[in-house]
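> File name entry_37.pdb; file contents PDB, N, CA and C atoms; full text below.
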ATOM      1  N   MET A   1      -1.362  -8.400 -13.496
ATOM      2  CA  MET A   1      -1.870  -8.833 -12.220
ATOM      3  C   MET A   1      -1.489  -7.824 -11.132
ATOM      4  N   VAL A   2      -0.280  -7.334 -11.186
ATOM      5  CA  VAL A   2       0.160  -6.360 -10.189
ATOM      6  C   VAL A   2      -0.679  -5.086 -10.276
ATOM      7  N   THR A   3      -1.024  -4.694 -11.477
ATOM      8  CA  THR A   3      -1.855  -3.504 -11.660
ATOM      9  C   THR A   3      -3.226  -3.694 -11.036
ATOM     10  N   VAL A   4      -3.787  -4.877 -11.180
ATOM     11  CA  VAL A   4      -5.097  -5.159 -10.579
ATOM     12  C   VAL A   4      -5.014  -5.063  -9.058
ATOM     13  N   PHE A   5      -3.972  -5.624  -8.474
ATOM     14  CA  PHE A   5      -3.798  -5.516  -7.024
ATOM     15  C   PHE A   5      -3.610  -4.064  -6.594
ATOM     16  N   GLY A   6      -2.870  -3.312  -7.364
ATOM     17  CA  GLY A   6      -2.666  -1.895  -7.053
ATOM     18  C   GLY A   6      -3.968  -1.117  -7.080
ATOM     19  N   TRP A   7      -4.798  -1.361  -8.097
ATOM     20  CA  TRP A   7      -6.100  -0.695  -8.172
ATOM     21  C   TRP A   7      -6.999  -1.133  -7.016
ATOM     22  N   ALA A   8      -6.918  -2.406  -6.637
ATOM     23  CA  ALA A   8      -7.723  -2.891  -5.511
ATOM     24  C   ALA A   8      -7.289  -2.220  -4.208
ATOM     25  N   PHE A   9      -5.989  -2.130  -3.974
ATOM     26  CA  PHE A   9      -5.493  -1.421  -2.787
ATOM     27  C   PHE A   9      -5.966   0.022  -2.789
ATOM     28  N   GLY A  10      -5.883   0.659  -3.943
ATOM     29  CA  GLY A  10      -6.328   2.049  -4.065
ATOM     30  C   GLY A  10      -7.803   2.210  -3.766
ATOM     31  N   ALA A  11      -8.616   1.282  -4.260
ATOM     32  CA  ALA A  11     -10.061   1.346  -4.006
ATOM     33  C   ALA A  11     -10.375   1.175  -2.522
ATOM     34  N   VAL A  12      -9.689   0.267  -1.870
ATOM     35  CA  VAL A  12      -9.900   0.060  -0.434
ATOM     36  C   VAL A  12      -9.494   1.309   0.347
ATOM     37  N   LEU A  13      -8.347   1.875   0.023
ATOM     38  CA  LEU A  13      -7.888   3.070   0.729
ATOM     39  C   LEU A  13      -8.807   4.260   0.469
ATOM     40  N   LEU A  14      -9.306   4.383  -0.750
ATOM     41  CA  LEU A  14     -10.236   5.464  -1.058
ATOM     42  C   LEU A  14     -11.535   5.300  -0.276
ATOM     43  N   ARG A  15     -12.013   4.088  -0.154
ATOM     44  CA  ARG A  15     -13.241   3.832   0.622
ATOM     45  C   ARG A  15     -13.015   4.175   2.087
ATOM     46  N   PHE A  16     -11.863   3.844   2.628
ATOM     47  CA  PHE A  16     -11.563   4.151   4.031
ATOM     48  C   PHE A  16     -11.333   5.641   4.246
ATOM     49  N   ALA A  17     -10.987   6.369   3.213
ATOM     50  CA  ALA A  17     -10.753   7.807   3.348
ATOM     51  C   ALA A  17     -12.054   8.564   3.604
ATOM     52  N   PHE A  18     -13.169   8.018   3.141
ATOM     53  CA  PHE A  18     -14.476   8.658   3.318
ATOM     54  C   PHE A  18     -15.447   7.671   3.954
ATOM     55  N   PRO A  19     -15.200   7.304   5.217
ATOM     56  CA  PRO A  19     -16.040   6.263   5.827
ATOM     57  C   PRO A  19     -17.444   6.779   6.178
ATOM     58  N   ALA A  20     -18.439   5.964   5.888
ATOM     59  CA  ALA A  20     -19.805   6.271   6.290
ATOM     60  C   ALA A  20     -20.019   5.826   7.732
ATOM     61  N   GLU A  21     -19.219   4.896   8.154
ATOM     62  CA  GLU A  21     -19.277   4.401   9.523
ATOM     63  C   GLU A  21     -17.880   3.919   9.908
ATOM     64  N   ASP A  22     -17.684   3.652  11.183
ATOM     65  CA  ASP A  22     -16.370   3.208  11.649
ATOM     66  C   ASP A  22     -16.251   1.699  11.470
ATOM     67  N   TYR A  23     -15.265   1.283  10.711
ATOM     68  CA  TYR A  23     -15.045  -0.137  10.473
ATOM     69  C   TYR A  23     -14.003  -0.652  11.453
ATOM     70  N   PRO A  24     -14.331  -1.665  12.238
ATOM     71  CA  PRO A  24     -13.346  -2.180  13.206
ATOM     72  C   PRO A  24     -12.151  -2.848  12.540
ATOM     73  N   ILE A  25     -12.320  -3.315  11.321
ATOM     74  CA  ILE A  25     -11.231  -4.000  10.636
ATOM     75  C   ILE A  25     -10.344  -3.041   9.844
ATOM     76  N   GLN A  26     -10.705  -1.758   9.827
ATOM     77  CA  GLN A  26     -10.000  -0.775   9.010
ATOM     78  C   GLN A  26      -8.510  -0.706   9.346
ATOM     79  N   ALA A  27      -8.154  -0.682  10.619
ATOM     80  CA  ALA A  27      -6.738  -0.589  11.004
ATOM     81  C   ALA A  27      -5.967  -1.813  10.523
ATOM     82  N   PHE A  28      -6.581  -2.986  10.612
ATOM     83  CA  PHE A  28      -5.919  -4.207  10.150
ATOM     84  C   PHE A  28      -5.648  -4.144   8.655
ATOM     85  N   VAL A  29      -6.643  -3.723   7.884
ATOM     86  CA  VAL A  29      -6.495  -3.657   6.428
ATOM     87  C   VAL A  29      -5.441  -2.623   6.047
ATOM     88  N   GLU A  30      -5.477  -1.469   6.705
ATOM     89  CA  GLU A  30      -4.464  -0.443   6.415
ATOM     90  C   GLU A  30      -3.070  -0.956   6.728
ATOM     91  N   ASN A  31      -2.892  -1.626   7.859
ATOM     92  CA  ASN A  31      -1.574  -2.175   8.211
ATOM     93  C   ASN A  31      -1.142  -3.247   7.222
ATOM     94  N   ALA A  32      -2.074  -4.061   6.757
ATOM     95  CA  ALA A  32      -1.737  -5.088   5.766
ATOM     96  C   ALA A  32      -1.255  -4.442   4.470
ATOM     97  N   ILE A  33      -1.919  -3.366   4.051
ATOM     98  CA  ILE A  33      -1.502  -2.667   2.834
ATOM     99  C   ILE A  33      -0.133  -2.026   3.037
ATOM    100  N   ILE A  34       0.083  -1.422   4.196
ATOM    101  CA  ILE A  34       1.378  -0.797   4.487
ATOM    102  C   ILE A  34       2.502  -1.823   4.415
ATOM    103  N   PHE A  35       2.341  -2.940   5.109
ATOM    104  CA  PHE A  35       3.408  -3.939   5.136
ATOM    105  C   PHE A  35       3.593  -4.626   3.784
ATOM    106  N   ALA A  36       2.502  -4.832   3.043
ATOM    107  CA  ALA A  36       2.619  -5.455   1.720
ATOM    108  C   ALA A  36       3.377  -4.551   0.755
ATOM    109  N   THR A  37       3.040  -3.265   0.746
ATOM    110  CA  THR A  37       3.734  -2.364  -0.180
ATOM    111  C   THR A  37       5.170  -2.092   0.267
ATOM    112  N   LEU A  38       5.406  -2.061   1.568
ATOM    113  CA  LEU A  38       6.770  -1.881   2.062
ATOM    114  C   LEU A  38       7.641  -3.085   1.704
ATOM    115  N   ALA A  39       7.110  -4.291   1.905
ATOM    116  CA  ALA A  39       7.856  -5.496   1.543
ATOM    117  C   ALA A  39       8.091  -5.554   0.033
ATOM    118  N   SER A  40       7.079  -5.185  -0.740
ATOM    119  CA  SER A  40       7.240  -5.173  -2.195
ATOM    120  C   SER A  40       8.289  -4.166  -2.621
ATOM    121  N   SER A  41       8.316  -3.018  -1.966
ATOM    122  CA  SER A  41       9.312  -1.998  -2.263
ATOM    123  C   SER A  41      10.721  -2.532  -2.024
ATOM    124  N   LEU A  42      10.893  -3.182  -0.896
ATOM    125  CA  LEU A  42      12.215  -3.742  -0.583
ATOM    126  C   LEU A  42      12.607  -4.837  -1.567
ATOM    127  N   LEU A  43      11.652  -5.672  -1.960
ATOM    128  CA  LEU A  43      11.951  -6.734  -2.922
ATOM    129  C   LEU A  43      12.365  -6.163  -4.274
ATOM    130  N   VAL A  44      11.657  -5.146  -4.744
ATOM    131  CA  VAL A  44      12.008  -4.526  -6.025
ATOM    132  C   VAL A  44      13.369  -3.843  -5.918
ATOM    133  N   LEU A  45      13.615  -3.145  -4.808
ATOM    134  CA  LEU A  45      14.896  -2.464  -4.607
ATOM    135  C   LEU A  45      16.049  -3.463  -4.632
ATOM    136  N   ILE A  46      15.898  -4.555  -3.907
ATOM    137  CA  ILE A  46      16.984  -5.542  -3.818
ATOM    138  C   ILE A  46      17.148  -6.307  -5.129
ATOM    139  N   SER A  47      16.035  -6.742  -5.718
ATOM    140  CA  SER A  47      16.145  -7.582  -6.919
ATOM    141  C   SER A  47      16.640  -6.813  -8.140
ATOM    142  N   THR A  48      16.332  -5.525  -8.221
ATOM    143  CA  THR A  48      16.802  -4.749  -9.379
ATOM    144  C   THR A  48      18.025  -3.906  -9.051
ATOM    145  N   LYS A  49      18.500  -4.023  -7.833
ATOM    146  CA  LYS A  49      19.654  -3.249  -7.363
ATOM    147  C   LYS A  49      19.415  -1.750  -7.527
ATOM    148  N   GLY A  50      18.147  -1.351  -7.333
ATOM    149  CA  GLY A  50      17.794   0.062  -7.380
ATOM    150  C   GLY A  50      17.644   0.654  -8.768
ATOM    151  N   ARG A  51      17.753  -0.168  -9.811
ATOM    152  CA  ARG A  51      17.672   0.365 -11.171
ATOM    153  C   ARG A  51      16.241   0.610 -11.637
ATOM    154  N   HIS A  52      15.284  -0.088 -11.049
ATOM    155  CA  HIS A  52      13.882   0.107 -11.443
ATOM    156  C   HIS A  52      13.235   1.046 -10.433
ATOM    157  N   PRO A  53      12.592   2.117 -10.903
ATOM    158  CA  PRO A  53      12.040   3.107  -9.978
ATOM    159  C   PRO A  53      10.745   2.677  -9.287
ATOM    160  N   GLY A  54      10.272   1.477  -9.558
ATOM    161  CA  GLY A  54       9.033   1.008  -8.946
ATOM    162  C   GLY A  54       9.091   0.958  -7.433
ATOM    163  N   TRP A  55      10.287   0.745  -6.896
ATOM    164  CA  TRP A  55      10.409   0.665  -5.446
ATOM    165  C   TRP A  55      10.082   2.003  -4.800
ATOM    166  N   LEU A  56      10.352   3.101  -5.488
ATOM    167  CA  LEU A  56      10.022   4.423  -4.946
ATOM    168  C   LEU A  56       8.510   4.634  -4.861
ATOM    169  N   GLY A  57       7.798   4.201  -5.873
ATOM    170  CA  GLY A  57       6.346   4.315  -5.867
ATOM    171  C   GLY A  57       5.717   3.487  -4.763
ATOM    172  N   LEU A  58       6.202   2.263  -4.617
ATOM    173  CA  LEU A  58       5.674   1.392  -3.560
ATOM    174  C   LEU A  58       6.004   1.937  -2.174
ATOM    175  N   LEU A  59       7.199   2.459  -2.023
ATOM    176  CA  LEU A  59       7.572   3.058  -0.740
ATOM    177  C   LEU A  59       6.706   4.283  -0.446
ATOM    178  N   GLY A  60       6.441   5.084  -1.477
ATOM    179  CA  GLY A  60       5.583   6.236  -1.314
ATOM    180  C   GLY A  60       4.173   5.865  -0.869
ATOM    181  N   ILE A  61       3.628   4.801  -1.452
ATOM    182  CA  ILE A  61       2.304   4.328  -1.058
ATOM    183  C   ILE A  61       2.315   3.885   0.397
ATOM    184  N   ALA A  62       3.341   3.152   0.806
ATOM    185  CA  ALA A  62       3.433   2.682   2.197
ATOM    186  C   ALA A  62       3.504   3.867   3.164
ATOM    187  N   VAL A  63       4.334   4.849   2.848
ATOM    188  CA  VAL A  63       4.503   6.009   3.738
ATOM    189  C   VAL A  63       3.235   6.831   3.797
ATOM    190  N   LEU A  64       2.606   7.106   2.653
ATOM    191  CA  LEU A  64       1.396   7.919   2.647
ATOM    192  C   LEU A  64       0.240   7.204   3.339
ATOM    193  N   THR A  65       0.159   5.905   3.208
ATOM    194  CA  THR A  65      -0.887   5.162   3.916
ATOM    195  C   THR A  65      -0.644   5.192   5.410
ATOM    196  N   TRP A  66       0.620   5.067   5.798
ATOM    197  CA  TRP A  66       0.953   5.116   7.222
ATOM    198  C   TRP A  66       0.661   6.493   7.818
ATOM    199  N   LEU A  67       0.930   7.546   7.068
ATOM    200  CA  LEU A  67       0.681   8.901   7.554
ATOM    201  C   LEU A  67      -0.804   9.249   7.573
ATOM    202  N   GLY A  68      -1.579   8.605   6.705
ATOM    203  CA  GLY A  68      -3.008   8.929   6.580
ATOM    204  C   GLY A  68      -3.808   8.309   7.603
TER     205      GLY A  68
END
Would it be possible to restate this file's structure as structure tokens?


Amino acid sequence: MVTVFGWAFGAVLLRFAFPAEDYPIQAFVENAIIFATLASSLLVLISTKGRHPGWLGLLGIAVLTWLG
């Protein structure tokens, strides 16, 4: 299930990377993805005490989306 959500987030971000028109909701969706992946990163970091590297990937997605 997590993989499906990850692919869905990726598809949305890829669509926004090459917009055919300006979407007024784009900033909201990007912020939702940023906060969701950031919160998920923190949850994985805390729950696994940093032993699972998944938190780094989620943090990377949040940072790259925020910078993009």

> Name the residues that the PyMOL selection byres ((chain A and resi 55) around 7) picks from the file above, as a PyMOL selection string, using the file's chain letters and numbers.

chain A and resi 40-42+44-45+52-54+56-60

> Got a sec: who's within 8 Å of segment 61-64 of chain A, counting only C-alpha atoms, leaving out chain neighbours fewer than 2 positions off, as a ChimeraX atom specification?

/A:33-35,37-38,57-59,66-68

> Could you jot down the atom CA of Glu30 of chain A to atom N of Phe5 of chain A separation for me, Å, one decimal place?

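Answer for the atom CA of Glu30 of chain A to atom N of Phe5 of chain A separation: 15.8 Å.
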
> One decimal, Å: what's the distance from atom CA of Met1 of chain A over to atom CA of Phe28 of chain A, could you say?

23.2 Å

> Quick one: pull the distance between atom C of Asn31 of chain A and atom C of Ile46 of chain A, Å, one decimal.

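Pair atom C of Asn31 of chain A / atom C of Ile46 of chain A returns 22.3 Å.
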
> Can you tell me, as lines of an AutoDock Vina configuration file, the centre and edge lengths (Å, one decimal) of the axis-aligned box enclosing all of segment 10-23 of chain A's listed atoms after padding each side by 3 Å?


center_x = -13.0
center_y = 4.0
center_z = 3.7
size_x = 20.1
size_y = 15.3
size_z = 21.9

> Which of segment 5-67 of chain A counts as helix (DSSP H, G or I) under DSSP, as number ranges by chain please?

A: 5-17, 26-48, 54-67
